[in-house]
$ cat start_19.tsv   # TSV, C-alpha atoms
chain	number	residue	atom	x	y	z
A	1	MET	CA	-11.42	-94.37	51.73
A	2	ARG	CA	-7.89	-93.00	52.41
A	3	ARG	CA	-5.51	-90.91	50.32
A	4	SER	CA	-1.65	-91.30	50.51
A	5	LEU	CA	0.59	-88.37	49.59
A	6	THR	CA	4.41	-87.96	49.35
A	7	MET	CA	6.04	-84.48	49.10
A	8	SER	CA	9.45	-82.87	49.56
A	9	LEU	CA	10.01	-79.61	51.44
A	10	LEU	CA	6.48	-78.35	50.91
A	11	LEU	CA	4.07	-76.46	53.10
A	12	TRP	CA	0.47	-77.65	53.14
A	13	CYS	CA	-1.96	-75.13	54.48
A	14	SER	CA	-5.31	-76.91	53.87
A	15	LEU	CA	-6.78	-80.04	52.32
A	16	LEU	CA	-10.25	-80.24	50.81
A	17	LEU	CA	-10.84	-83.59	49.14
A	18	CYS	CA	-14.52	-83.32	48.29
A	19	ARG	CA	-16.93	-80.43	48.52
A	20	VAL	CA	-19.96	-80.36	46.23
A	21	ALA	CA	-22.99	-78.06	46.23
A	22	ARG	CA	-25.76	-80.19	44.70
A	23	ALA	CA	-29.00	-79.17	43.04
A	24	ASP	CA	-30.93	-79.90	46.24
A	25	GLY	CA	-29.20	-76.93	47.91
A	26	VAL	CA	-27.26	-79.00	50.44
A	27	THR	CA	-23.44	-78.66	50.50
A	28	HIS	CA	-21.84	-82.09	50.76
A	29	VAL	CA	-18.31	-82.17	52.25
A	30	ALA	CA	-16.58	-85.53	52.36
A	31	PHE	CA	-13.34	-84.39	54.03
A	32	SER	CA	-11.53	-81.17	54.91
A	33	GLU	CA	-8.51	-80.21	57.07
A	34	THR	CA	-7.16	-76.68	57.62
A	35	PHE	CA	-4.28	-77.38	60.11
A	36	ASP	CA	-5.21	-74.10	61.77
A	37	VAL	CA	-4.48	-75.57	65.21
A	38	ASN	CA	-0.72	-75.93	64.47
A	39	GLN	CA	1.16	-73.21	66.37
A	40	SER	CA	4.86	-73.40	65.28
A	41	THR	CA	6.68	-70.97	62.95
A	42	GLY	CA	7.15	-71.34	59.20
A	43	GLY	CA	3.99	-71.25	57.15
A	44	ARG	CA	1.22	-68.72	57.18
A	45	ASP	CA	3.28	-66.40	59.39
A	46	GLY	CA	5.47	-65.64	56.37
A	47	VAL	CA	8.61	-67.28	57.80
A	48	TYR	CA	9.74	-69.94	55.32
A	49	GLY	CA	13.40	-70.60	56.08
A	50	GLY	CA	16.41	-69.95	58.19
A	51	SER	CA	16.67	-69.95	61.94
A	52	GLY	CA	13.17	-68.59	62.27
A	53	VAL	CA	11.59	-71.89	61.22
A	54	ALA	CA	10.85	-74.33	64.01
A	55	SER	CA	9.45	-77.84	63.75
A	56	GLY	CA	6.47	-78.05	66.03
A	57	ASP	CA	4.20	-80.83	67.05
A	58	ILE	CA	1.44	-81.63	64.57
A	59	ALA	CA	-2.16	-80.96	65.59
A	60	TYR	CA	-5.12	-81.97	63.47
A	61	ILE	CA	-8.80	-81.16	63.28
A	62	GLN	CA	-9.51	-84.62	61.84
A	63	GLU	CA	-8.24	-87.63	63.78
A	64	GLY	CA	-6.45	-90.54	62.16
A	65	TRP	CA	-3.50	-89.08	60.20
A	66	ILE	CA	-0.52	-91.39	59.55
A	67	GLY	CA	2.85	-90.11	58.25
A	68	SER	CA	6.64	-89.69	58.42
A	69	LYS	CA	8.88	-86.60	58.21
A	70	LEU	CA	5.89	-84.42	58.98
A	71	TYR	CA	6.12	-81.23	61.04
A	72	GLY	CA	3.67	-78.66	62.24
A	73	GLY	CA	4.13	-75.11	61.03
A	74	SER	CA	2.16	-71.94	61.52
A	75	ALA	CA	-1.40	-73.09	60.62
A	76	CYS	CA	0.08	-75.54	58.13
A	77	LEU	CA	1.72	-78.94	57.68
A	78	ARG	CA	5.36	-79.19	56.57
A	79	PHE	CA	6.67	-82.16	54.56
A	80	GLY	CA	10.29	-83.46	54.55
A	81	ASN	CA	13.68	-82.24	55.86
A	82	PHE	CA	17.19	-81.90	54.38
A	83	GLY	CA	16.27	-83.63	51.11
A	84	ASN	CA	14.12	-86.32	52.72
A	85	ASP	CA	10.59	-86.70	51.46
A	86	GLY	CA	7.70	-86.54	53.84
A	87	SER	CA	4.64	-88.71	53.43
A	88	CYS	CA	1.18	-88.96	54.96
A	89	THR	CA	-2.05	-90.89	54.71
A	90	THR	CA	-5.33	-89.15	55.45
A	91	PRO	CA	-7.89	-90.42	57.94
A	92	GLU	CA	-10.60	-92.66	56.48
A	93	PHE	CA	-13.51	-90.82	54.86
A	94	VAL	CA	-16.56	-91.71	52.78
A	95	LEU	CA	-17.59	-90.07	49.54
A	96	ILE	CA	-21.35	-89.75	49.62
A	97	GLY	CA	-23.60	-88.63	46.81
A	98	ALA	CA	-25.64	-90.39	44.12
A	99	ALA	CA	-24.05	-93.76	44.89
A	100	LYS	CA	-25.19	-93.56	48.53
A	101	THR	CA	-28.76	-92.39	48.08
A	102	ALA	CA	-31.68	-94.30	49.52
A	103	THR	CA	-33.74	-96.60	47.28
A	104	LEU	CA	-37.53	-96.16	47.17
A	105	THR	CA	-40.27	-98.17	45.46
A	106	ASP	CA	-40.76	-96.87	41.90
A	107	ALA	CA	-43.45	-94.23	41.45
A	108	CYS	CA	-46.75	-95.70	40.28
A	109	THR	CA	-50.53	-95.37	40.15
A	110	PHE	CA	-52.56	-97.54	42.51
A	111	TRP	CA	-56.21	-98.14	43.32
A	112	PRO	CA	-58.32	-99.14	46.33
A	113	ASN	CA	-58.76	-102.87	46.94
A	114	THR	CA	-61.64	-103.22	49.37
A	115	THR	CA	-61.92	-99.65	50.65
A	116	GLU	CA	-62.62	-96.37	48.94
A	117	GLU	CA	-59.24	-94.99	50.00
A	118	ALA	CA	-56.26	-96.54	48.24
A	119	VAL	CA	-53.56	-97.95	50.54
A	120	MET	CA	-50.10	-98.91	49.26
A	121	THR	CA	-46.92	-100.30	50.81
A	122	VAL	CA	-43.67	-98.45	50.05
A	123	THR	CA	-40.21	-99.92	50.67
A	124	VAL	CA	-37.17	-97.82	51.59
A	125	VAL	CA	-33.67	-99.37	51.39
A	126	PRO	CA	-30.74	-97.50	52.99
A	127	ALA	CA	-27.30	-97.75	51.39
A	128	ASP	CA	-24.51	-99.39	53.38
A	129	SER	CA	-23.58	-97.64	56.64
A	130	THR	CA	-26.19	-94.91	56.18
A	131	THR	CA	-29.29	-93.83	58.06
A	132	VAL	CA	-32.26	-92.70	56.00
A	133	TYR	CA	-34.72	-90.02	57.04
A	134	TYR	CA	-37.94	-89.86	55.01
A	135	THR	CA	-41.16	-87.85	55.01
A	136	THR	CA	-44.64	-88.45	53.61
A	137	ASP	CA	-45.99	-84.90	53.95
A	138	GLY	CA	-43.90	-83.21	51.24
A	139	THR	CA	-41.41	-81.60	53.66
A	140	GLU	CA	-37.62	-81.96	53.42
A	141	PRO	CA	-36.23	-84.95	55.38
A	142	THR	CA	-33.47	-84.16	57.91
A	143	PRO	CA	-32.22	-85.76	61.12
A	144	SER	CA	-34.69	-83.52	62.99
A	145	ASN	CA	-37.63	-84.00	60.59
A	146	GLY	CA	-39.10	-87.27	59.35
A	147	HIS	CA	-39.14	-90.99	60.01
A	148	VAL	CA	-35.94	-93.02	60.45
A	149	ALA	CA	-34.86	-96.17	58.57
A	150	MET	CA	-31.53	-97.84	59.34
A	151	LEU	CA	-32.51	-101.14	57.68
A	152	THR	CA	-34.84	-102.04	54.80
A	153	SER	CA	-38.28	-100.86	55.96
A	154	ASN	CA	-41.87	-101.04	54.70
A	155	PHE	CA	-44.51	-98.46	55.47
A	156	SER	CA	-48.05	-97.74	54.26
A	157	ILE	CA	-49.36	-94.64	52.55
A	158	GLU	CA	-52.97	-93.68	51.95
A	159	GLY	CA	-54.11	-91.84	48.85
A	160	THR	CA	-51.83	-89.79	46.60
A	161	THR	CA	-48.56	-89.26	48.49
A	162	THR	CA	-45.09	-87.84	47.81
A	163	VAL	CA	-42.30	-89.61	49.71
A	164	LYS	CA	-38.93	-87.87	50.10
A	165	ALA	CA	-35.83	-89.59	51.50
A	166	ARG	CA	-32.24	-88.58	52.21
A	167	ALA	CA	-29.41	-90.76	53.50
A	168	TYR	CA	-26.84	-89.59	56.04
A	169	PHE	CA	-23.39	-90.95	56.88
A	170	LYS	CA	-22.46	-89.29	60.16
A	171	THR	CA	-23.12	-85.64	59.24
A	172	LEU	CA	-22.77	-86.08	55.47
A	173	ALA	CA	-26.01	-85.90	53.46
A	174	SER	CA	-26.76	-87.67	50.19
A	175	ASP	CA	-28.85	-86.45	47.30
A	176	MET	CA	-32.56	-86.45	48.09
A	177	VAL	CA	-34.82	-89.06	46.44
A	178	SER	CA	-38.46	-88.15	45.78
A	179	ARG	CA	-41.26	-90.42	44.50
A	180	THR	CA	-44.96	-89.64	44.02
A	181	TYR	CA	-47.51	-92.45	44.33
A	182	THR	CA	-50.84	-91.51	42.73
A	183	GLN	CA	-54.28	-92.86	43.59
A	184	GLY	CA	-56.00	-93.71	40.30
A	185	ALA	CA	-59.48	-92.59	39.33
A	186	THR	CA	-62.59	-94.82	39.51
A	187	VAL	CA	-65.78	-94.76	37.44
A	188	GLY	CA	-68.96	-96.52	38.50
A	189	SER	CA	-70.52	-97.74	35.25
A	190	ILE	CA	-69.70	-98.98	31.76
A	191	ALA	CA	-71.21	-95.80	30.31
A	192	ALA	CA	-68.86	-93.65	32.42
A	193	PHE	CA	-65.86	-95.73	31.36
A	194	LYS	CA	-66.79	-95.40	27.68
A	195	ALA	CA	-66.97	-91.62	28.09
A	196	LEU	CA	-63.27	-91.45	29.05
A	197	ALA	CA	-60.66	-90.22	26.59
A	198	ASP	CA	-58.81	-92.98	24.76
A	199	GLY	CA	-55.62	-93.98	26.56
A	200	THR	CA	-56.98	-93.25	30.05
A	201	GLU	CA	-56.21	-95.95	32.62
A	202	THR	CA	-59.01	-96.15	35.18
A	203	ARG	CA	-60.69	-98.53	37.59
A	204	LEU	CA	-64.17	-99.67	36.48
A	205	ALA	CA	-66.33	-100.51	39.52
A	206	ILE	CA	-69.43	-102.61	38.78
A	207	SER	CA	-71.96	-102.73	41.59
A	208	ALA	CA	-74.15	-105.78	42.18
A	209	ASP	CA	-77.31	-103.80	41.39
A	210	ALA	CA	-75.92	-102.77	37.97
A	211	ASN	CA	-77.05	-106.22	36.73
A	212	ALA	CA	-73.92	-106.71	34.64
A	213	ARG	CA	-73.63	-109.96	32.73
A	214	VAL	CA	-71.42	-111.71	30.20
A	215	LEU	CA	-72.75	-111.59	26.64
A	216	HIS	CA	-69.98	-113.54	24.97
A	217	GLY	CA	-66.42	-114.69	25.60
A	218	TYR	CA	-63.83	-115.76	23.04
A	219	ASN	CA	-60.06	-115.65	22.53
A	220	ASN	CA	-59.32	-113.75	25.78
A	221	LYS	CA	-62.04	-111.20	25.01
A	222	VAL	CA	-65.30	-110.77	26.88
A	223	TYR	CA	-68.32	-108.73	25.86
A	224	LEU	CA	-70.10	-107.40	28.92
A	225	ARG	CA	-73.05	-105.15	29.58
A	226	ASP	CA	-74.62	-103.54	32.63
A	227	ASN	CA	-77.70	-101.34	32.91
A	228	SER	CA	-75.80	-98.39	31.40
A	229	GLY	CA	-74.15	-99.88	28.32
A	230	ALA	CA	-71.97	-102.58	26.76
A	231	ILE	CA	-68.21	-102.91	26.34
A	232	CYS	CA	-65.50	-105.35	25.29
A	233	PHE	CA	-62.82	-106.46	27.76
A	234	ASP	CA	-59.78	-107.14	25.57
A	235	PHE	CA	-56.98	-108.80	27.54
A	236	GLY	CA	-54.79	-109.83	24.58
A	237	THR	CA	-51.66	-111.46	26.02
A	238	THR	CA	-51.30	-108.98	28.91
A	239	ALA	CA	-53.71	-110.62	31.38
A	240	VAL	CA	-55.83	-113.76	31.76
A	241	PHE	CA	-59.46	-114.21	32.77
A	242	ASN	CA	-59.50	-116.35	35.90
A	243	PRO	CA	-61.92	-118.04	35.95
A	244	ALA	CA	-62.86	-118.08	32.27
A	245	PRO	CA	-66.16	-116.21	31.72
A	246	VAL	CA	-69.33	-118.07	30.76
A	247	HIS	CA	-72.29	-116.75	28.79
A	248	ASN	CA	-74.90	-115.00	30.95
A	249	GLN	CA	-72.80	-114.94	34.11
A	250	HIS	CA	-73.63	-112.16	36.56
A	251	VAL	CA	-70.59	-109.89	37.19
A	252	ALA	CA	-69.77	-107.50	40.05
A	253	GLY	CA	-66.59	-106.00	41.53
A	254	TRP	CA	-63.90	-103.91	39.89
A	255	ILE	CA	-61.16	-104.08	37.28
A	256	VAL	CA	-58.45	-101.70	36.05
A	257	GLY	CA	-57.86	-101.13	32.35
A	258	ARG	CA	-57.18	-98.58	29.63
A	259	LYS	CA	-60.03	-97.09	27.59
A	260	GLN	CA	-59.50	-97.68	23.88
A	261	THR	CA	-61.75	-97.39	20.85
A	262	GLU	CA	-61.03	-99.77	17.98
A	263	ASN	CA	-63.04	-99.65	14.76
A	264	GLY	CA	-65.75	-97.81	16.65
A	265	LEU	CA	-65.94	-100.44	19.41
A	266	PRO	CA	-65.18	-99.17	22.95
A	267	LYS	CA	-62.86	-101.47	24.87
A	268	LEU	CA	-61.29	-101.94	28.27
A	269	VAL	CA	-57.77	-103.01	27.27
A	270	ALA	CA	-55.60	-104.85	29.80
A	271	THR	CA	-52.53	-103.12	31.29
A	272	GLY	CA	-49.92	-104.23	33.79
A	273	ASN	CA	-52.41	-103.30	36.54
A	274	THR	CA	-55.22	-105.49	35.18
A	275	THR	CA	-56.39	-108.48	37.20
A	276	THR	CA	-59.71	-110.30	37.59
A	277	ASP	CA	-59.00	-111.06	41.26
A	278	TYR	CA	-61.55	-108.45	42.32
A	279	LEU	CA	-64.31	-109.47	39.89
A	280	ALA	CA	-66.97	-111.85	41.17
A	281	MET	CA	-68.60	-113.97	38.45
A	282	ALA	CA	-71.75	-115.80	39.56
A	283	ALA	CA	-73.33	-118.77	37.80
A	284	PRO	CA	-75.38	-118.04	34.66
A	285	VAL	CA	-78.61	-116.34	35.68
A	286	THR	CA	-82.15	-116.35	34.33
A	287	GLU	CA	-84.12	-114.58	37.08
A	288	ALA	CA	-86.17	-111.61	35.93
A	289	ALA	CA	-84.71	-109.54	38.78
A	290	THR	CA	-81.29	-109.66	37.18
A	291	GLU	CA	-82.43	-108.41	33.78
A	292	PRO	CA	-80.88	-105.10	32.74
A	293	ALA	CA	-82.97	-102.01	33.29
A	294	ALA	CA	-85.42	-100.80	30.65
A	295	THR	CA	-82.92	-98.23	29.35
A	296	ILE	CA	-81.16	-101.15	27.60
A	297	SER	CA	-83.28	-102.63	24.84
A	298	ASP	CA	-82.94	-105.93	23.04
A	299	LYS	CA	-85.30	-104.74	20.29
A	300	VAL	CA	-85.47	-101.19	18.90
A	301	THR	CA	-87.17	-99.49	15.96
A	302	ILE	CA	-84.75	-98.18	13.34
A	303	ASP	CA	-86.25	-96.45	10.32
A	304	GLY	CA	-89.59	-98.07	11.07
A	305	GLN	CA	-88.16	-101.63	11.12
A	306	GLN	CA	-88.07	-103.99	14.09
A	307	VAL	CA	-84.53	-105.30	14.55
A	308	ASP	CA	-83.50	-107.94	17.06
A	309	GLY	CA	-80.16	-107.67	18.84
A	310	VAL	CA	-78.38	-105.76	21.59
A	311	TYR	CA	-78.35	-102.00	21.16
A	312	PRO	CA	-76.88	-100.21	24.18
A	313	ASP	CA	-77.26	-96.50	24.88
A	314	VAL	CA	-80.24	-95.93	22.55
A	315	LYS	CA	-81.41	-92.33	22.71
A	316	CYS	CA	-84.42	-91.33	20.59
A	317	GLY	CA	-85.59	-87.73	20.29
A	318	LEU	CA	-89.19	-86.53	20.00
A	319	ALA	CA	-88.72	-85.93	16.28
A	320	GLY	CA	-88.20	-89.64	15.75
A	321	THR	CA	-84.44	-89.53	15.11
A	322	CYS	CA	-82.21	-91.96	16.99
A	323	ASP	CA	-78.65	-91.54	18.24
A	324	HIS	CA	-77.54	-95.13	18.79
A	325	GLU	CA	-74.50	-97.40	18.75
A	326	LEU	CA	-74.92	-100.98	17.64
A	327	LEU	CA	-73.07	-104.05	18.89
A	328	VAL	CA	-72.48	-105.73	15.53
A	329	PRO	CA	-71.62	-109.46	15.56
A	330	LYS	CA	-68.29	-110.47	14.04
A	331	TYR	CA	-69.32	-114.12	13.51
A	332	PHE	CA	-72.50	-116.18	13.08
A	333	TYR	CA	-72.86	-119.74	14.32
A	334	MET	CA	-75.44	-122.52	14.53
A	335	ALA	CA	-75.54	-125.81	16.48
A	336	LEU	CA	-77.74	-128.72	15.30
A	337	LEU	CA	-78.53	-132.01	17.05
A	338	HIS	CA	-80.33	-134.95	15.39
A	339	TYR	CA	-81.81	-137.81	17.41
A	340	ASN	CA	-83.17	-141.04	15.87
A	341	LYS	CA	-85.57	-142.51	18.41
A	342	ALA	CA	-85.82	-145.85	16.62
A	343	THR	CA	-82.08	-146.48	16.74
A	344	ASP	CA	-81.36	-144.28	19.79
A	345	THR	CA	-78.51	-142.51	17.98
A	346	TYR	CA	-77.34	-138.90	17.91
A	347	HIS	CA	-75.59	-136.77	15.32
A	348	ALA	CA	-74.44	-133.17	15.75
A	349	VAL	CA	-72.95	-130.47	13.57
A	350	ALA	CA	-72.09	-126.79	13.98
A	351	PHE	CA	-71.66	-124.00	11.44
A	352	TRP	CA	-69.36	-121.00	11.83
A	353	THR	CA	-68.97	-118.09	9.44
A	354	GLU	CA	-67.41	-114.67	9.64
A	355	HIS	CA	-69.71	-111.68	9.23
A	356	LEU	CA	-68.50	-110.26	5.90
A	357	ASN	CA	-70.17	-108.23	3.20
A	358	VAL	CA	-69.34	-110.72	0.46
A	359	SER	CA	-71.07	-113.36	-1.64
A	360	ASP	CA	-68.87	-116.46	-1.73
A	361	LYS	CA	-70.15	-118.80	-4.43
A	362	ASN	CA	-67.05	-120.95	-4.20
A	363	LYS	CA	-68.10	-122.63	-0.96
A	364	ASN	CA	-70.71	-125.15	0.12
A	365	PHE	CA	-72.28	-125.50	3.54
A	366	GLY	CA	-69.75	-128.19	4.36
A	367	ASP	CA	-66.97	-125.59	4.21
A	368	TYR	CA	-68.48	-123.89	7.26
A	369	ALA	CA	-69.11	-127.08	9.27
A	370	ILE	CA	-67.20	-127.66	12.50
A	371	SER	CA	-67.62	-129.94	15.50
A	372	ILE	CA	-69.63	-128.93	18.55
A	373	ASP	CA	-66.44	-129.19	20.60
A	374	GLU	CA	-64.78	-126.61	18.36
A	375	LEU	CA	-67.83	-124.32	18.56
A	376	GLN	CA	-67.76	-124.55	22.35
A	377	ARG	CA	-64.07	-123.64	22.36
A	378	ARG	CA	-64.72	-120.57	20.23
A	379	THR	CA	-67.82	-119.32	22.06
A	380	GLY	CA	-67.32	-120.48	25.63
A	381	ILE	CA	-70.88	-121.88	25.59
A	382	ASP	CA	-71.68	-125.45	26.69
A	383	PHE	CA	-74.11	-126.87	24.11
A	384	PHE	CA	-76.26	-129.97	24.66
A	385	CYS	CA	-75.24	-130.17	28.31
A	386	ASN	CA	-78.32	-132.25	29.18
A	387	LEU	CA	-77.21	-135.22	27.12
A	388	PRO	CA	-75.80	-138.23	28.99
A	389	ASP	CA	-72.10	-137.63	29.51
A	390	ALA	CA	-70.91	-140.53	27.36
A	391	VAL	CA	-73.23	-139.53	24.51
A	392	GLU	CA	-72.27	-135.85	24.79
A	393	VAL	CA	-68.55	-136.59	24.59
A	394	ASP	CA	-68.97	-138.73	21.48
A	395	VAL	CA	-71.49	-136.65	19.55
A	396	GLU	CA	-69.72	-133.31	20.15
A	397	ALA	CA	-66.29	-134.55	19.07
A	398	THR	CA	-66.99	-135.44	15.43
A	399	VAL	CA	-68.85	-134.25	12.35
A	400	ASP	CA	-70.39	-136.75	9.90
A	401	LEU	CA	-70.71	-134.75	6.67
A	402	ASP	CA	-72.31	-137.70	4.85
A	403	PHE	CA	-75.07	-137.99	7.45
A	404	TRP	CA	-75.92	-134.31	7.01
A	405	ASN	CA	-75.55	-134.60	3.23
A	406	LEU	CA	-72.88	-131.89	3.22
A	407	THR	CA	-70.01	-131.43	0.78
A	408	LYS	CA	-67.02	-129.13	0.68
A	409	LYS	CA	-65.59	-127.18	-2.22
A	410	ASN	CA	-62.49	-125.92	-0.37
$ encode --input "start_19.tsv" --output "structure tokens"
Amino acid sequence: MRRSLTMSLLLWCSLLLCRVARADGVTHVAFSETFDVNQSTGGRDGVYGGSGVASGDIAYIQEGWIGSKLYGGSACLRFGNFGNDGSCTTPEFVLIGAAKTATLTDACTFWPNTTEEAVMTVTVVPADSTTVYYTTDGTEPTPSNGHVAMLTSNFSIEGTTTVKARAYFKTLASDMVSRTYTQGATVGSIAAFKALADGTETRLAISADANARVLHGYNNKVYLRDNSGAICFDFGTTAVFNPAPVHNQHVAGWIVGRKQTENGLPKLVATGNTTTDYLAMAAPVTEAATEPAATISDKVTIDGQQVDGVYPDVKCGLAGTCDHELLVPKYFYMALLHYNKATDTYHAVAFWTEHLNVSDKNKNFGDYAISIDELQRRTGIDFFCNLPDAVEVDVEATVDLDFWNLTKKN
């Protein structure tokens, strides 16, 4: 940048184009000139006219001045003579400040991938014609302290780290940029995740010996339990299960999500950091060794009654009282297959109903009938997989209400 000036019969004793003391405590000077090296008369010596004024050679602190009708005075610059204007153009200089700061990766929370210590890559981008000095130990970056980046550079940090960067053009310093990258917390069981405060984003690590398995998957939600408790993974539209979970799959690895409780049901809700890339889902398992530990019961006594179902985290005191949370089903379903040996024909039907505390007398069984294909889509379970492929495709695609003697009211 240059500045052009035209004046008539004026004395110019100093020029300060940009001098700013910023909040970071560093004084930023873009350009200054005092003309103190000029030695002629007329100027700061108090002689402004008459025979005592002499036109001396011009001397500058800053190189690169261009002008006409310019004369050196006593520690000043004189413009014009006998009614003629004098003009000058300053040397080139650069204004540096917010527009010339370095660019750093946005601050974020990150988690370990395969190691216990989280490692992250940070990118620093210098502005044009600047050199960036940056630190990762919390100290102030200067030309004598920190790492140097003259071009776009990537570097790794380990654990929670504050990165500070400042750009320099020659001796001029920009505003300092500071970003903190935080290593997120990790819990090692479903029970520990459920104990978190709602809204907490955390990594849930599931070890192979936790015997975690898929209970049910539907509509981008998965119900999962390990040997400490049960929870719902609710991805909504934020993330996608890849691959899609299957009933009774064995699960190990880790996943990041936000703890949320909805209608009393604890959930791991997907965030922008959620991915299933680090979850291993094995084929459905039946071995006794993979059964959850005895602290998780599939049958408990409540008020003297035997009740079948999944009841995680059951805690019964000596007095016979129970502090328990129940995994209550939202839907009920049934799959039926009929085979006529004499004619070697198959018929199938499924029923699906929402779990509601109502008595609906305006419906028949046919109103709840759906195809096996539709039931499989809703539950993620492959029914009648042992049928011959051609038979399975045909029988699961349709519902013959007349065969089952079913009618609909609605």
$ atom_distance --input "start_19.tsv" --atom1 "atom CA of Val124 of chain A" --atom2 "atom CA of Asn154 of chain A"
6.5 Å
$ closest_residue --input "start_19.tsv" --among "A:Leu268, A:Val177, A:Leu77, A:Ile58" --to "Asp106 of chain A" --atoms "only C-alpha atoms"
A:Val177
$ residues_around --input "start_19.tsv" --residues "Thr160 of chain A" --least-positions-apart "5" --cutoff "6 Å" --atoms "only C-alpha atoms" --output "list of chain:residue names"
A:Tyr181, A:Thr182, A:Gln183
$ atom_distance --input "start_19.tsv" --atom1 "atom CA of Asp373 of chain A" --atom2 "atom CA of Cys385 of chain A"
11.7 Å
$ atom_distance --input "start_19.tsv" --atom1 "atom CA of Gly272 of chain A" --atom2 "atom CA of Pro126 of chain A"
28.0 Å
$ residues_around --input "start_19.tsv" --residues "segment 346-358 of chain A" --least-positions-apart "2" --cutoff "7 Å" --atoms "all atoms listed in the file" --output "number ranges by chain"
A: 329-340, 344, 360, 368-372, 375, 395-396, 399
